[in-house]
Amino acid sequence: MNYTAPVKDMLFCMTELANLDAVAKLPGFDDAGLDTAQAVLEECARFSEGVLAPLNREGDVHPSTWKDGVVTTTPGFKDAFRQFGEGGWQGLQHPADFGGQNLPKTIGAACIEMINSANLSFALCPLLTDGAIEALLTAGTREQQDAFIPKMISGEWTGTMNLTEPQAGSDLALVRTRAEPLGDGRYKIFGTKIYITYGEHDMAENIVHLVLARVVGAPEGVKGISLFLVPKFLVDGAGALGARNDAWCVSIEHKLGIKASPTAVLQFGDRGVAGGSGGDAVPGAIGTLIGQENRGLEYMFIMMNAARYAVGMQGIAVAEAAYQKAAAFAKERVQSRPVDGSVAGSATIIHHPDVRRMLMTMRAYTEGCRAMAMVAAAAFDAAHHHGDAEVRKQNQAFYEFMVPLVKGYSTEMSIDVASLGVQVHGGMGFIEETGAAQFLRDARILTIYEGTTAIQANDLVGRKTARDGGRLALAIAAQIETTESALKESTSVASRSMLKRLAAARAAFVEVVGFVVAQSKSNPNAVFAGSVAYLMLAGNLMAGWQMARALLAAERMLAAGQGDRAFLDAKVATSRFYAEHLLAKVPGLRDSIVDGADSVTQMALESF
Ligand SMILES: Cc1cc2nc3c(=O)[nH]c(=O)nc-3n(C[C@H](O)[C@H](O)[C@H](O)COP(=O)(O)OP(=O)(O)OC[C@H]3O[C@@H](n4cnc5c(N)ncnc54)[C@H](O)[C@@H]3O)c2cc1C
């Protein structure tokens with residue numbers, strides 16, 4: 001696969017929208033500003049383009065395989081993962097104390113995008129490891145942190161997230177995996193986990209499973225769930241590998257996409273620790289508690305918030321890759337005479353306005369979501385590093401509002417973008433060798449794992465909007481009005497157009513927030529019937545808002561004769577397209593949410 005990392009757009013988002021200068025000045029970031037960002041991005045681009053992208057199709061054609069409990073990954077993955085570890089990529093955003101590079105998320109997020117654009121299946125392994133590191137940093141003991149985090153950062157070991165069970169998917173209150181205390185601080189874990197990404201593989205010498213389970217006698221529901229650290233190989237106090245733990249991969253799934261990523265069924269507590277004596281020889285996987293008993297879901301949410309953001313980046317990543325492939329194809333494929341007669345005979349399909357519409361849609365969605373994600377990343381950095389507690393709190397609230405949008409909206413749009421990519425290719429898009437179809441198949445999981453779009457929407461409605469009576473949502477709307485005021489200063493066609501659509505979209509958002517707040521208790525079915533539409537509306541608006549800011553920045557730079565003219569002209573054109581074709585959809589979503597709620601649930605259940 002040919003992939004060229006969009007370094008220029010990433011740096012533009014960082015400097016013009018996410019205020020990288022301010023991020024670099026936050027305590028603890030050692031001036032990780034533009035020079036650092038540029039150097040890191042260029043190096044990551046080299047690795048992603050040169051090492052990971054060539055393995056992308058290989059992974060689709062030769063997925064991971066399972067035999068007698070052993071999983072063998074796609075040829076080339078193991079070596080690529082070794083290079084990934086040696087390059088320090090796993091540690092990018094993690095603390096230097098544990099061997100990480102301590103870079104801001106604002107820079108790290110761009111690297112995550114590149115790695116995922118190049119090879120989504122490969123990138124899932126580090127994505128889950130990041131989540132496990134995050135959970136240990138938050139709730140692990142110092143011993144757990146010292147024993148496990150450095151090895152995960154170096155890429156010697158990897159991490160997993162074990163939530164799902166056959167009867168417990170979106171509803172984790174139904175988790176049944178059992179933990180029996182051994183009385184010495186250790187627990188024996190029994191149960192079956194399904195769909196565990198990189199739950200077994202051959203790329204690292206140990207796998208650190210983070211497992212949700214219920215301590216015997218714990219309360220029913222989510223309040224009785226604890227989090228355990230269950231390594232594939234037990235680890236002694238000095239960090240050396242010991243006996244094989246009683247955690248086994250009984251099969252891996254055959255999937256629609258991300259075929260190289262092994263999705264494992266794991267059985268805990270079937271056989272006893274291999275070679276174990278005394279209690280260890282009796283079945284039960286040995287685990288240690290992370291944090292306190294019955295607070296597992298709380299810790300898992302930390303891990304999930306990190307992972308949800310990263311899955312949103314996966315959406316942006318696959319959209320970028322699909323766009324690049326489609327644009328390249330459209331410049332080569334010759335078919336039909338242009339309607340304006342600009343070419344005498346058949347021309348490359350990029351001459352046809354409808355192909356341009358598809359490519360612009362792909363590009364505008366991708367750039368809008370990237371801009372939104374970068375701004376969210378900067379808020380995360382301020383929330384964790386700013387010296388002023390009040391500023392930290394505000395940024396944390398903003399970031400948390402953005403997480404379901406980055407996850408939900410960017411992944412939903414990635415399916416549309418990848419589907420358009422197939423359409424641009426015509427029949428060739430439906431043929432596997434082209435590679436356009438793989439993006440569509442790979443993207444399809446993104447709206448499902450780490451919480452389906454409906455689960456993100458429930459979060460947006462309940463915790464992020466209704467809980468504070470819509471205060472934060474309306475405060476963000478007020479910030480958007482500030483951008484509208486700036487747009488009023490410009491007389492360009494693009495700015496006028498953006499102003500009109502941004503104001504209409506913001507007004508629609510404010511109205512929907514009012515509806516959600518007013519009806520969420522009295523008429524929950526009406527609100528939740530439109531919850532995904534609300535998420536799509538809010539995501540579209542937030543991405544459109546950042547495109548408006550991008551437009552203003554590009555116009556300012558053009559007027560000042562700064563920057564790369566072709567890039568900035570393209571940014572103006574893409575922002576205007578976003579306004580006229582994507583933001584323009586927002587008022588229609590408002591109508592479905594506010595006026596159309598009843599028709600969703602009107603028909604009798606028996607009529608389905
Ligand atoms: C390839 C792959 C990799 C995965 N990796 C991991 C992993 O590493 N670790 C892990 O623990 N899990 C993993 N999962 C599991 C994944 O997180 C779940 O599939 C997901 O959470 C959905 O659960 P479910 O499949 O049981 O669907 P269900 O929860 O049964 O959902 C079915 C449908 O009902 C809807 N629904 C359910 N509840 C609600 C509600 N309250 N409101 C509105 N709609 C609702 C959903 O949106 C969906 O449309 C993976 C899954 C796959 C396929």
# chains A, B, ... in the order shown; residues from 1 in each chain; ligands from 1
$ residues_around --residues "A:Leu582" --least-positions-apart "3" --cutoff "8 Å" --atoms "only C-alpha atoms" --output "ChimeraX atom specification"
/A:361,365,540,544,577-579,585-586
$ closest_atom_pairs --of "chain A" --to "ligand 1" --cutoff "6 Å" --atoms "only C-alpha atoms and all ligand atoms" --output "Markdown table"
| residue | atom | partner | partner_atom_place_in_ligand_line | distance |
| --- | --- | --- | --- | --- |
| A:Met161 | CA | ligand 1 | 9 (N) | 4.7 |
| A:Asn162 | CA | ligand 1 | 11 (O) | 4.2 |
| A:Leu163 | CA | ligand 1 | 11 (O) | 3.3 |
| A:Thr164 | CA | ligand 1 | 11 (O) | 3.9 |
| A:Ala168 | CA | ligand 1 | 26 (O) | 6.0 |
| A:Gly169 | CA | ligand 1 | 26 (O) | 3.1 |
| A:Ser170 | CA | ligand 1 | 29 (O) | 3.6 |
| A:Tyr195 | CA | ligand 1 | 50 (C) | 4.5 |
| A:Ile196 | CA | ligand 1 | 8 (O) | 3.9 |
| A:Thr197 | CA | ligand 1 | 8 (O) | 3.8 |
| A:Thr263 | CA | ligand 1 | 3 (C) | 5.7 |
| A:Ile448 | CA | ligand 1 | 20 (C) | 5.5 |
| A:Tyr449 | CA | ligand 1 | 17 (O) | 3.8 |
| A:Glu450 | CA | ligand 1 | 17 (O) | 4.7 |
| A:Gly451 | CA | ligand 1 | 21 (O) | 4.7 |
| A:Thr452 | CA | ligand 1 | 47 (O) | 4.8 |
| A:Ala454 | CA | ligand 1 | 47 (O) | 4.6 |
| A:Ile455 | CA | ligand 1 | 42 (N) | 5.8 |
$ residues_around --residues "stretch 132-136 of chain A" --least-positions-apart "4" --cutoff "10 Å" --atoms "only C-alpha atoms" --output "number ranges by chain"
A: 91, 94, 126-128, 140-142, 144-146, 148-150, 152-153, 158-161, 208-210, 227, 229, 290-291, 298-307
$ write_last_selection --atoms "N, CA, C and O atoms" --output "compact mmCIF listing (two decimals), in the first residue's frame"
# COMPACT_ATOMS: atom_id res chain seq x y z
N GLY A 91 6.38 4.28 23.73
CA GLY A 91 6.53 5.14 24.91
C GLY A 91 6.28 6.61 24.66
O GLY A 91 6.45 7.44 25.56
N HIS A 94 4.19 8.30 27.21
CA HIS A 94 4.26 7.79 28.59
C HIS A 94 5.44 8.41 29.35
O HIS A 94 6.38 8.91 28.74
N PRO A 126 -0.33 -1.97 19.88
CA PRO A 126 0.09 -0.84 20.74
C PRO A 126 -1.06 -0.05 21.33
O PRO A 126 -0.94 0.49 22.43
N LEU A 127 -2.18 0.02 20.62
CA LEU A 127 -3.33 0.79 21.13
C LEU A 127 -3.81 0.18 22.45
O LEU A 127 -4.05 0.89 23.43
N LEU A 128 -3.93 -1.13 22.48
CA LEU A 128 -4.40 -1.78 23.71
C LEU A 128 -3.32 -1.73 24.79
O LEU A 128 -3.63 -1.58 25.97
N GLY A 140 -2.42 1.29 39.53
CA GLY A 140 -1.51 0.21 39.94
C GLY A 140 -0.66 0.59 41.13
O GLY A 140 -0.46 1.77 41.41
N THR A 141 -0.14 -0.42 41.84
CA THR A 141 0.82 -0.14 42.91
C THR A 141 2.17 0.19 42.27
O THR A 141 2.39 -0.12 41.09
N ARG A 142 3.06 0.75 43.05
CA ARG A 142 4.38 1.07 42.52
C ARG A 142 5.09 -0.21 42.04
O ARG A 142 5.76 -0.22 41.02
N GLN A 144 3.64 -2.95 40.87
CA GLN A 144 3.04 -3.34 39.58
C GLN A 144 3.58 -2.45 38.46
O GLN A 144 3.94 -2.92 37.39
N GLN A 145 3.63 -1.17 38.75
CA GLN A 145 4.10 -0.24 37.72
C GLN A 145 5.54 -0.55 37.33
O GLN A 145 5.88 -0.65 36.15
N ASP A 146 6.41 -0.75 38.36
CA ASP A 146 7.82 -1.01 38.07
C ASP A 146 8.03 -2.33 37.34
O ASP A 146 8.90 -2.45 36.48
N PHE A 148 5.86 -3.95 35.37
CA PHE A 148 5.20 -4.15 34.07
C PHE A 148 5.36 -3.00 33.07
O PHE A 148 5.52 -3.24 31.88
N ILE A 149 5.30 -1.76 33.55
CA ILE A 149 5.24 -0.65 32.58
C ILE A 149 6.51 -0.54 31.72
O ILE A 149 6.40 -0.43 30.49
N PRO A 150 7.72 -0.60 32.31
CA PRO A 150 8.90 -0.45 31.44
C PRO A 150 8.96 -1.50 30.34
O PRO A 150 9.34 -1.19 29.20
N MET A 152 6.44 -2.98 28.95
CA MET A 152 5.42 -2.69 27.92
C MET A 152 5.85 -1.51 27.06
O MET A 152 5.65 -1.51 25.85
N ILE A 153 6.49 -0.54 27.69
CA ILE A 153 6.95 0.61 26.91
C ILE A 153 8.06 0.21 25.94
O ILE A 153 8.12 0.69 24.80
N THR A 158 3.29 -6.92 25.78
CA THR A 158 2.16 -6.12 25.31
C THR A 158 1.01 -6.24 26.30
O THR A 158 1.04 -7.08 27.20
N GLY A 159 0.00 -5.40 26.12
CA GLY A 159 -1.14 -5.39 27.05
C GLY A 159 -2.46 -5.68 26.34
O GLY A 159 -2.57 -5.48 25.12
N THR A 160 -3.42 -6.16 27.11
CA THR A 160 -4.77 -6.39 26.56
C THR A 160 -5.81 -5.84 27.53
O THR A 160 -5.51 -5.54 28.68
N MET A 161 -7.01 -5.77 27.01
CA MET A 161 -8.15 -5.29 27.80
C MET A 161 -9.21 -6.39 27.74
O MET A 161 -9.75 -6.67 26.67
N VAL A 208 0.27 -8.95 29.00
CA VAL A 208 -0.25 -8.51 30.29
C VAL A 208 -1.76 -8.29 30.15
O VAL A 208 -2.19 -7.29 29.57
N HIS A 209 -2.53 -9.25 30.64
CA HIS A 209 -3.98 -9.13 30.51
C HIS A 209 -4.54 -8.32 31.67
O HIS A 209 -4.27 -8.64 32.84
N LEU A 210 -5.33 -7.30 31.34
CA LEU A 210 -6.07 -6.59 32.38
C LEU A 210 -7.51 -7.11 32.31
O LEU A 210 -8.16 -6.99 31.27
N LEU A 227 -10.71 -5.00 38.92
CA LEU A 227 -9.76 -5.12 37.79
C LEU A 227 -8.51 -5.88 38.25
O LEU A 227 -7.94 -5.57 39.30
N LEU A 229 -4.68 -7.85 37.19
CA LEU A 229 -3.54 -7.96 36.29
C LEU A 229 -3.18 -9.44 36.21
O LEU A 229 -2.81 -10.05 37.22
N ILE A 290 -5.76 -4.66 40.77
CA ILE A 290 -5.31 -3.31 40.43
C ILE A 290 -6.22 -2.34 41.20
O ILE A 290 -7.44 -2.39 41.06
N GLY A 291 -5.62 -1.49 42.02
CA GLY A 291 -6.42 -0.56 42.83
C GLY A 291 -7.20 -1.31 43.89
O GLY A 291 -6.71 -2.28 44.47
N GLU A 298 -14.41 1.73 37.21
CA GLU A 298 -13.90 3.09 37.26
C GLU A 298 -12.51 3.16 36.60
O GLU A 298 -12.23 4.03 35.78
N TYR A 299 -11.63 2.21 36.97
CA TYR A 299 -10.28 2.20 36.39
C TYR A 299 -10.34 1.87 34.90
O TYR A 299 -9.60 2.41 34.09
N MET A 300 -11.24 0.95 34.58
CA MET A 300 -11.36 0.54 33.19
C MET A 300 -11.80 1.71 32.33
O MET A 300 -11.43 1.83 31.17
N PHE A 301 -12.59 2.61 32.93
CA PHE A 301 -13.05 3.77 32.18
C PHE A 301 -11.88 4.68 31.79
O PHE A 301 -11.89 5.28 30.72
N ILE A 302 -10.87 4.72 32.65
CA ILE A 302 -9.68 5.52 32.32
C ILE A 302 -9.04 4.94 31.07
O ILE A 302 -8.72 5.63 30.11
N MET A 303 -8.92 3.62 31.12
CA MET A 303 -8.32 2.91 30.00
C MET A 303 -9.20 3.07 28.75
O MET A 303 -8.72 3.28 27.65
N MET A 304 -10.52 3.01 28.97
CA MET A 304 -11.43 3.09 27.83
C MET A 304 -11.45 4.49 27.25
O MET A 304 -11.56 4.65 26.04
N ASN A 305 -11.32 5.52 28.09
CA ASN A 305 -11.30 6.87 27.55
C ASN A 305 -10.10 7.08 26.65
O ASN A 305 -10.21 7.67 25.58
N ALA A 306 -8.95 6.54 27.11
CA ALA A 306 -7.75 6.62 26.27
C ALA A 306 -7.98 5.82 24.99
O ALA A 306 -7.67 6.28 23.88
N ALA A 307 -8.55 4.64 25.13
CA ALA A 307 -8.75 3.78 23.97
C ALA A 307 -9.83 4.34 23.04
O ALA A 307 -9.72 4.24 21.83
$ select_by_dssp --residues "stretch 75-108 of chain A" --states "helix (DSSP H, G or I)" --output "ChimeraX atom specification"
/A:77-86,89-91,96-98,105-108
$ closest_atom_pairs --of "stretch 270-344 of chain A" --to "stretch 187-191 of chain A" --cutoff "9 Å" --atoms "only C-alpha atoms" --output "JSON lines"
{"residue": "A:Asp270", "atom": "CA", "partner": "A:Phe190", "partner_atom": "CA", "distance": 7.5}
{"residue": "A:Asp280", "atom": "CA", "partner": "A:Lys188", "partner_atom": "CA", "distance": 8.9}
{"residue": "A:Pro283", "atom": "CA", "partner": "A:Lys188", "partner_atom": "CA", "distance": 8.2}
{"residue": "A:Gly284", "atom": "CA", "partner": "A:Lys188", "partner_atom": "CA", "distance": 4.7}
{"residue": "A:Ala285", "atom": "CA", "partner": "A:Ile189", "partner_atom": "CA", "distance": 4.9}
{"residue": "A:Ile286", "atom": "CA", "partner": "A:Lys188", "partner_atom": "CA", "distance": 4.9}
{"residue": "A:Gly287", "atom": "CA", "partner": "A:Tyr187", "partner_atom": "CA", "distance": 5.2}
{"residue": "A:Thr288", "atom": "CA", "partner": "A:Tyr187", "partner_atom": "CA", "distance": 6.0}
{"residue": "A:Leu289", "atom": "CA", "partner": "A:Tyr187", "partner_atom": "CA", "distance": 7.5}
$ residues_around --residues "A:Asn19" --least-positions-apart "5" --cutoff "9 Å" --atoms "only C-alpha atoms" --output "MDAnalysis selection string"
chainID A and resid 13:14 24 375 378
$ closest_residue --among "A:Gln267, A:Gln423, A:Asn525, A:Thr106" --to "A:Arg178" --atoms "only C-alpha atoms"
A:Gln267
$ residues_around --residues "stretch 71-76 of chain A" --least-positions-apart "4" --cutoff "8 Å" --atoms "only C-alpha atoms" --output "list in words"
Leu55, Glu58, Gly59, His62, Pro63, Ser64, Thr65, Trp66, Lys67, Ala80, Glu200, His201, Asp202, Met203, Ala260, Ser261 and Pro262 of chain A
$ residues_around --residues "stretch 461-463 of chain A" --least-positions-apart "4" --cutoff "9 Å" --atoms "only C-alpha atoms" --output "PDB file with C-alpha atoms, in the first residue's frame"
ATOM      1  CA  PHE A 401     -17.187  16.131  26.143  1.00  0.00           C
ATOM      2  CA  GLN A 456     -20.990   6.822  22.937  1.00  0.00           C
ATOM      3  CA  ALA A 457     -24.263   8.650  22.297  1.00  0.00           C
ATOM      4  CA  ARG A 467     -26.045  15.818  34.019  1.00  0.00           C
ATOM      5  CA  ASP A 468     -24.943  19.467  34.190  1.00  0.00           C
ATOM      6  CA  VAL A 513     -29.239  20.594  23.885  1.00  0.00           C
ATOM      7  CA  VAL A 516     -32.144  16.806  25.631  1.00  0.00           C
ATOM      8  CA  VAL A 517     -31.982  18.622  28.962  1.00  0.00           C
ATOM      9  CA  SER A 520     -34.166  13.331  29.320  1.00  0.00           C
ATOM     10  CA  VAL A 527     -34.278  11.725  23.774  1.00  0.00           C
ATOM     11  CA  PHE A 528     -32.539   8.396  23.286  1.00  0.00           C
ATOM     12  CA  SER A 531     -29.110  10.169  20.746  1.00  0.00           C
ATOM     13  CA  TYR A 534     -27.370  14.208  18.444  1.00  0.00           C
ATOM     14  CA  LEU A 535     -23.866  12.730  18.501  1.00  0.00           C
TER      15      LEU A 535
END
$ atom_distance --atom1 "atom CA of A:Ala377" --atom2 "atom CA of A:Gln38"
16.9 Å
$ residues_around --residues "A:Gly33" --least-positions-apart "6" --cutoff "8 Å" --atoms "only C-alpha atoms" --output "ChimeraX atom specification"
/A:20-21,23-24
$ select_by_dssp --residues "stretch 195-268 of chain A" --states "strand (DSSP E)" --output "JSON, numbers by chain"
{"A": [195, 196, 197, 206, 207, 208, 209, 210, 211, 212, 213, 214, 215, 226, 227, 228, 229, 230, 231, 233, 234, 235, 241, 242, 243, 244, 247, 248, 249, 250, 251, 252, 263, 264, 265, 266, 267, 268]}
$ closest_residue --among "A:Ala18, A:Leu11, A:Ala264, A:Met360" --to "A:Ala373" --atoms "only C-alpha atoms"
A:Ala18
$ decode --residues "stretch 553-580 of chain A" --atoms "N, CA, C and O atoms" --output "PDB file, in the first residue's frame"
ATOM      1  N   ALA A 553      -7.449  30.920   9.808  1.00  0.00           N
ATOM      2  CA  ALA A 553      -5.975  30.876   9.896  1.00  0.00           C
ATOM      3  C   ALA A 553      -5.366  30.870   8.499  1.00  0.00           C
ATOM      4  O   ALA A 553      -4.387  31.592   8.225  1.00  0.00           O
ATOM      5  N   ALA A 554      -5.951  30.076   7.606  1.00  0.00           N
ATOM      6  CA  ALA A 554      -5.398  29.982   6.247  1.00  0.00           C
ATOM      7  C   ALA A 554      -5.512  31.333   5.538  1.00  0.00           C
ATOM      8  O   ALA A 554      -4.553  31.780   4.878  1.00  0.00           O
ATOM      9  N   GLU A 555      -6.659  31.997   5.695  1.00  0.00           N
ATOM     10  CA  GLU A 555      -6.823  33.308   5.032  1.00  0.00           C
ATOM     11  C   GLU A 555      -5.834  34.338   5.591  1.00  0.00           C
ATOM     12  O   GLU A 555      -5.264  35.126   4.850  1.00  0.00           O
ATOM     13  N   ARG A 556      -5.663  34.274   6.910  1.00  0.00           N
ATOM     14  CA  ARG A 556      -4.718  35.209   7.526  1.00  0.00           C
ATOM     15  C   ARG A 556      -3.300  34.973   6.989  1.00  0.00           C
ATOM     16  O   ARG A 556      -2.586  35.912   6.618  1.00  0.00           O
ATOM     17  N   MET A 557      -2.915  33.696   6.901  1.00  0.00           N
ATOM     18  CA  MET A 557      -1.561  33.382   6.442  1.00  0.00           C
ATOM     19  C   MET A 557      -1.385  33.756   4.969  1.00  0.00           C
ATOM     20  O   MET A 557      -0.344  34.274   4.568  1.00  0.00           O
ATOM     21  N   LEU A 558      -2.427  33.516   4.185  1.00  0.00           N
ATOM     22  CA  LEU A 558      -2.347  33.880   2.758  1.00  0.00           C
ATOM     23  C   LEU A 558      -2.183  35.390   2.612  1.00  0.00           C
ATOM     24  O   LEU A 558      -1.349  35.863   1.819  1.00  0.00           O
ATOM     25  N   ALA A 559      -2.966  36.135   3.406  1.00  0.00           N
ATOM     26  CA  ALA A 559      -2.894  37.597   3.316  1.00  0.00           C
ATOM     27  C   ALA A 559      -1.510  38.100   3.724  1.00  0.00           C
ATOM     28  O   ALA A 559      -1.002  39.085   3.179  1.00  0.00           O
ATOM     29  N   ALA A 560      -0.896  37.378   4.667  1.00  0.00           N
ATOM     30  CA  ALA A 560       0.430  37.811   5.154  1.00  0.00           C
ATOM     31  C   ALA A 560       1.566  37.224   4.310  1.00  0.00           C
ATOM     32  O   ALA A 560       2.744  37.457   4.599  1.00  0.00           O
ATOM     33  N   GLY A 561       1.204  36.464   3.308  1.00  0.00           N
ATOM     34  CA  GLY A 561       2.233  35.851   2.456  1.00  0.00           C
ATOM     35  C   GLY A 561       3.042  34.784   3.173  1.00  0.00           C
ATOM     36  O   GLY A 561       4.185  34.501   2.810  1.00  0.00           O
ATOM     37  N   GLN A 562       2.436  34.166   4.212  1.00  0.00           N
ATOM     38  CA  GLN A 562       3.168  33.121   4.953  1.00  0.00           C
ATOM     39  C   GLN A 562       2.735  31.738   4.466  1.00  0.00           C
ATOM     40  O   GLN A 562       1.642  31.580   3.938  1.00  0.00           O
ATOM     41  N   GLY A 563       3.581  30.761   4.710  1.00  0.00           N
ATOM     42  CA  GLY A 563       3.193  29.363   4.504  1.00  0.00           C
ATOM     43  C   GLY A 563       3.171  28.941   3.047  1.00  0.00           C
ATOM     44  O   GLY A 563       3.550  29.688   2.141  1.00  0.00           O
ATOM     45  N   ASP A 564       2.707  27.715   2.848  1.00  0.00           N
ATOM     46  CA  ASP A 564       2.692  27.087   1.526  1.00  0.00           C
ATOM     47  C   ASP A 564       1.365  27.444   0.846  1.00  0.00           C
ATOM     48  O   ASP A 564       0.299  27.013   1.278  1.00  0.00           O
ATOM     49  N   ARG A 565       1.436  28.216  -0.207  1.00  0.00           N
ATOM     50  CA  ARG A 565       0.226  28.771  -0.823  1.00  0.00           C
ATOM     51  C   ARG A 565      -0.753  27.681  -1.293  1.00  0.00           C
ATOM     52  O   ARG A 565      -1.956  27.760  -1.048  1.00  0.00           O
ATOM     53  N   ALA A 566      -0.215  26.670  -1.955  1.00  0.00           N
ATOM     54  CA  ALA A 566      -1.099  25.617  -2.489  1.00  0.00           C
ATOM     55  C   ALA A 566      -1.824  24.908  -1.339  1.00  0.00           C
ATOM     56  O   ALA A 566      -3.029  24.630  -1.417  1.00  0.00           O
ATOM     57  N   PHE A 567      -1.098  24.633  -0.263  1.00  0.00           N
ATOM     58  CA  PHE A 567      -1.708  23.969   0.896  1.00  0.00           C
ATOM     59  C   PHE A 567      -2.811  24.849   1.484  1.00  0.00           C
ATOM     60  O   PHE A 567      -3.918  24.383   1.781  1.00  0.00           O
ATOM     61  N   LEU A 568      -2.516  26.140   1.622  1.00  0.00           N
ATOM     62  CA  LEU A 568      -3.493  27.044   2.249  1.00  0.00           C
ATOM     63  C   LEU A 568      -4.716  27.267   1.355  1.00  0.00           C
ATOM     64  O   LEU A 568      -5.847  27.312   1.832  1.00  0.00           O
ATOM     65  N   ASP A 569      -4.490  27.360   0.041  1.00  0.00           N
ATOM     66  CA  ASP A 569      -5.626  27.481  -0.884  1.00  0.00           C
ATOM     67  C   ASP A 569      -6.528  26.246  -0.768  1.00  0.00           C
ATOM     68  O   ASP A 569      -7.760  26.349  -0.769  1.00  0.00           O
ATOM     69  N   ALA A 570      -5.884  25.086  -0.666  1.00  0.00           N
ATOM     70  CA  ALA A 570      -6.657  23.839  -0.552  1.00  0.00           C
ATOM     71  C   ALA A 570      -7.431  23.819   0.770  1.00  0.00           C
ATOM     72  O   ALA A 570      -8.574  23.342   0.833  1.00  0.00           O
ATOM     73  N   LYS A 571      -6.829  24.359   1.803  1.00  0.00           N
ATOM     74  CA  LYS A 571      -7.508  24.401   3.110  1.00  0.00           C
ATOM     75  C   LYS A 571      -8.750  25.300   3.030  1.00  0.00           C
ATOM     76  O   LYS A 571      -9.809  24.955   3.557  1.00  0.00           O
ATOM     77  N   VAL A 572      -8.608  26.437   2.357  1.00  0.00           N
ATOM     78  CA  VAL A 572      -9.757  27.336   2.195  1.00  0.00           C
ATOM     79  C   VAL A 572     -10.869  26.606   1.429  1.00  0.00           C
ATOM     80  O   VAL A 572     -12.041  26.613   1.830  1.00  0.00           O
ATOM     81  N   ALA A 573     -10.495  25.945   0.345  1.00  0.00           N
ATOM     82  CA  ALA A 573     -11.498  25.251  -0.481  1.00  0.00           C
ATOM     83  C   ALA A 573     -12.166  24.117   0.310  1.00  0.00           C
ATOM     84  O   ALA A 573     -13.389  23.927   0.240  1.00  0.00           O
ATOM     85  N   THR A 574     -11.368  23.386   1.084  1.00  0.00           N
ATOM     86  CA  THR A 574     -11.919  22.246   1.837  1.00  0.00           C
ATOM     87  C   THR A 574     -12.830  22.745   2.957  1.00  0.00           C
ATOM     88  O   THR A 574     -13.883  22.157   3.221  1.00  0.00           O
ATOM     89  N   SER A 575     -12.447  23.836   3.600  1.00  0.00           N
ATOM     90  CA  SER A 575     -13.282  24.397   4.672  1.00  0.00           C
ATOM     91  C   SER A 575     -14.612  24.869   4.107  1.00  0.00           C
ATOM     92  O   SER A 575     -15.671  24.631   4.686  1.00  0.00           O
ATOM     93  N   ARG A 576     -14.542  25.532   2.970  1.00  0.00           N
ATOM     94  CA  ARG A 576     -15.790  26.018   2.363  1.00  0.00           C
ATOM     95  C   ARG A 576     -16.681  24.829   1.984  1.00  0.00           C
ATOM     96  O   ARG A 576     -17.898  24.851   2.207  1.00  0.00           O
ATOM     97  N   PHE A 577     -16.061  23.794   1.438  1.00  0.00           N
ATOM     98  CA  PHE A 577     -16.844  22.595   1.085  1.00  0.00           C
ATOM     99  C   PHE A 577     -17.467  22.006   2.353  1.00  0.00           C
ATOM    100  O   PHE A 577     -18.637  21.606   2.354  1.00  0.00           O
ATOM    101  N   TYR A 578     -16.680  21.949   3.422  1.00  0.00           N
ATOM    102  CA  TYR A 578     -17.227  21.404   4.676  1.00  0.00           C
ATOM    103  C   TYR A 578     -18.486  22.187   5.064  1.00  0.00           C
ATOM    104  O   TYR A 578     -19.515  21.615   5.413  1.00  0.00           O
ATOM    105  N   ALA A 579     -18.389  23.504   4.998  1.00  0.00           N
ATOM    106  CA  ALA A 579     -19.529  24.343   5.395  1.00  0.00           C
ATOM    107  C   ALA A 579     -20.747  24.052   4.519  1.00  0.00           C
ATOM    108  O   ALA A 579     -21.844  23.812   5.017  1.00  0.00           O
ATOM    109  N   GLU A 580     -20.536  24.045   3.216  1.00  0.00           N
ATOM    110  CA  GLU A 580     -21.683  24.011   2.296  1.00  0.00           C
ATOM    111  C   GLU A 580     -22.262  22.616   2.118  1.00  0.00           C
ATOM    112  O   GLU A 580     -23.433  22.474   1.755  1.00  0.00           O
TER     113      GLU A 580
END
